[in-house]
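Right, one structure below, let's go through it.
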Amino acid sequence: MSIQKHDNINFDKVNYSKPEKQGLIYYSPMNYDNEPFYLQTPKMICKSDTTSLMEKKKSNLEMEPLNIDFSFYDTLLSLDDKNIKETFKNNKSWFGKDIPLEIIDNMYKRGCKPVKKESKPAFSFKLPISKDKLLCQIYDQKKTCIDFTKIKEGSEIICILHVKGLKFMKQHYYCDCYISQIKVFLEGSKNYSILDTYAFNDKDEEESELRELENEVMLDIRYIESLSKNGEKEKVQIDLERAEKELNEKNEAILSLRKKLEEMK
């Protein structure tokens with residue numbers, strides 16, 4: 001058994017059998033690639049109060065997308081179009097007469113309601129209820145089987161639909177499908193694994209700090225070297241000034257001696 005996700009449907013693999021009479025109706029079984037046709041919805045928001053559903057024995061679960069997302073809506077529209085085209089294509093062999101496409105289109109009861117601008121599409125799917133008992137299974141995100149009443153209005157859910165076949169009534173026909181399984185995402189049931197010691201991987205930060213420290217050390221060395229060089233320069237400058245002073249003093253003594261020598265002539 002394979003479950004088909006709504007965004008990965010190949011409609012060429014959807015097959016139909018010739019309708020057979022079942023009491024007052026005719027039924028055309030459908031399959032997907034010669035297997036039962038199970039269609040998985042995206043994550044939805046439940047819009048029904050499940051407790052009141054069971055009390056009032058209503059059989060439809062209302063839901064809508066998390067956001068203004070039309071991907072699943074478009075998939076159902078494409079399925080409706082496929083159903084109409086296939087009925088028109090086979091109406092001669094199925095019903096023994098040619099039925100115009102317009103009449104078939106008018107007879108078909110679409111599952112999707114028109115959507116107002118900037119509104120979310122709304123969906124309603126049948127719950128399999130027999131003798132006041134819900135037949136489909138409900139699981140939480142830990143794959144634990146739970147009671148239907150755990151689903152609250154506003155819960156996030158994913159459904160698996162069994163697209164069973166085309167059901168032909170006297171005046172109209174429609175695609176017969178029902179909810180086979182539900183997965184509900186319950187609040188507070190997530191598994192948390194809390195670490196009791198410091199567990200962060202600080203390798204990158206430590207390497208960065210080490211590089212910064214190495215840079216600081218190199219700067220200090222260069223600074224010390226510059227101080228050393230500056231100290232030698234100052235010493236040379238002092239020696240030069242002292243030598244220049246001594247030279248000036250000697251030059252002045254020489255000039256004074258020359259002057260005295262001139263006076264003695």
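Here, A, B, ... name the chains of the structure tokens in the order displayed, residue numbers run from 1 inside each chain, and ligands are numbered from 1 in the same displayed order.
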**Message:** Can you tell me, as an NGL selection string, which residues in range 62-122 of chain A count as helix (DSSP H, G or I) by DSSP?
**Reply:** :A and (71-95 or 101-107)
Selection above as a file: C-alpha atoms, as a tab-separated table (two decimals), in the first residue's frame:
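Okay, this is what ended up in part_1.tsv:
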```
chain	number	residue	atom	x	y	z
A	71	SER	CA	-1.93	23.62	-3.34
A	72	PHE	CA	-4.28	20.98	-1.91
A	73	TYR	CA	-7.32	22.86	-3.21
A	74	ASP	CA	-5.80	22.81	-6.70
A	75	THR	CA	-5.16	19.06	-6.39
A	76	LEU	CA	-8.82	18.42	-5.60
A	77	LEU	CA	-9.90	20.66	-8.48
A	78	SER	CA	-7.67	18.65	-10.82
A	79	LEU	CA	-9.19	15.43	-9.49
A	80	ASP	CA	-12.70	16.81	-10.12
A	81	ASP	CA	-11.71	17.70	-13.69
A	82	LYS	CA	-10.26	14.22	-14.18
A	83	ASN	CA	-13.50	12.64	-12.92
A	84	ILE	CA	-15.65	14.70	-15.31
A	85	LYS	CA	-13.43	14.06	-18.32
A	86	GLU	CA	-13.24	10.33	-17.61
A	87	THR	CA	-17.02	10.11	-17.27
A	88	PHE	CA	-17.50	11.94	-20.55
A	89	LYS	CA	-14.88	9.77	-22.25
A	90	ASN	CA	-16.57	6.52	-21.14
A	91	ASN	CA	-20.24	7.53	-21.05
A	92	LYS	CA	-21.12	5.44	-24.11
A	93	SER	CA	-19.59	2.23	-22.72
A	94	TRP	CA	-20.72	2.98	-19.18
A	95	PHE	CA	-24.31	4.08	-19.81
A	101	LEU	CA	-20.06	17.19	-21.62
A	102	GLU	CA	-22.14	20.13	-20.36
A	103	ILE	CA	-24.74	17.79	-18.85
A	104	ILE	CA	-22.06	15.62	-17.21
A	105	ASP	CA	-20.39	18.74	-15.82
A	106	ASN	CA	-23.71	19.97	-14.39
A	107	MET	CA	-24.44	16.57	-12.88
```
Residues of range 20-254 of chain A in strand (DSSP E or B), written as a compact mmCIF listing (two decimals) with C-alpha atoms, in the first residue's frame:
```
# COMPACT_ATOMS: atom_id res chain seq x y z
CA GLU A 20 -21.87 -1.38 -11.28
CA LYS A 21 -25.34 -1.21 -9.82
CA GLN A 22 -25.46 -1.27 -6.03
CA ILE A 25 -27.04 3.70 -7.24
CA TYR A 26 -24.22 2.93 -9.66
CA TYR A 27 -20.66 2.84 -8.39
CA SER A 28 -17.39 3.17 -10.35
CA PRO A 29 -14.41 2.06 -8.18
CA MET A 30 -11.22 4.10 -8.54
CA ASN A 31 -7.59 3.14 -7.97
CA TYR A 32 -4.15 4.70 -8.28
CA GLU A 35 -3.68 0.03 -5.95
CA PHE A 37 -6.09 5.36 -3.90
CA TYR A 38 -4.94 6.89 -0.58
CA LEU A 39 -4.33 10.63 -0.63
CA GLN A 40 -2.45 12.46 2.14
CA MET A 44 -4.43 21.46 8.32
CA ILE A 45 -6.27 23.25 11.11
CA CYS A 46 -9.29 21.38 12.45
CA ASN A 60 -17.98 15.40 8.31
CA LEU A 61 -14.76 16.90 9.69
CA GLU A 62 -14.15 20.52 8.70
CA MET A 63 -10.63 21.84 8.17
CA GLU A 64 -8.58 24.55 6.46
CA PRO A 65 -4.90 25.08 5.53
CA TYR A 108 -21.08 16.35 -11.12
CA LYS A 109 -21.07 17.60 -7.54
CA PHE A 123 -12.55 21.43 3.24
CA SER A 124 -15.06 18.95 4.58
CA PHE A 125 -14.38 15.20 4.55
CA LYS A 126 -16.54 12.31 5.64
CA ILE A 129 -18.94 6.09 11.32
CA SER A 130 -20.90 2.88 11.77
CA LYS A 133 -18.54 4.10 16.29
CA LEU A 134 -15.73 5.89 14.50
CA GLN A 137 -7.63 5.48 13.57
CA ILE A 138 -6.17 8.62 15.14
CA TYR A 139 -2.49 8.99 16.04
CA ASP A 140 -0.45 11.69 17.75
CA CYS A 145 -3.13 5.67 18.94
CA GLU A 156 -3.16 20.83 13.64
CA ILE A 157 -3.91 17.62 11.77
CA ILE A 158 -2.94 15.60 8.70
CA CYS A 159 -5.45 13.22 7.12
CA ILE A 160 -5.21 10.24 4.81
CA LEU A 161 -8.20 10.09 2.50
CA HIS A 162 -9.38 6.95 0.78
CA VAL A 163 -10.54 8.08 -2.66
CA LYS A 164 -12.89 5.17 -3.21
CA GLY A 165 -14.81 5.85 -6.43
CA LEU A 166 -17.53 7.70 -8.32
CA LYS A 167 -21.00 7.39 -6.85
CA PHE A 168 -23.82 7.93 -9.39
CA TYR A 173 -22.80 12.04 -9.01
CA TYR A 174 -19.70 12.77 -6.96
CA CYS A 175 -16.30 11.48 -5.87
CA ASP A 176 -16.77 9.25 -2.84
CA CYS A 177 -13.94 9.57 -0.33
CA TYR A 178 -13.58 9.41 3.44
CA ILE A 179 -10.95 9.91 6.13
CA SER A 180 -9.01 6.70 6.71
CA GLN A 181 -6.49 7.98 9.29
CA ILE A 182 -5.78 11.17 11.20
CA LYS A 183 -2.54 12.41 12.70
CA VAL A 184 -2.96 15.15 15.30
CA PHE A 185 -0.17 17.34 16.67
```
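CA of Lys47 in chain A sits 17.4 Å away from CA of Asp147 in chain A.
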**Distance in Å - CA of Glu118 in chain A versus CA of Leu66 in chain A** = 13.8 Å
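Among the candidates A:Leu127, A:Leu186, A:Gly96, A:Lys250, the residue lying nearest to Thr144 in chain A is A:Leu186 (atoms considered: only C-alpha atoms).
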**Asked** Taking into account only C-alpha atoms, which residue in the set A:Asp33, A:Asp69, A:Glu209, A:Asp204 is nearest to Phe11 in chain A?
**Response** A:Asp33
**Prompt:** What separation in Å, quoted to one decimal, exists between CA of Asn34 in chain A and CA of Asp7 in chain A?
**Reply:** 19.6 Å
**Prompt:** Between A:Glu187, A:Glu249, A:Glu216, A:Glu153, which has the minimum distance to Asp49 in chain A (counting only C-alpha atoms)?
**Reply:**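 Ranked by minimum distance to Asp49 in chain A, first place goes to A:Glu153.
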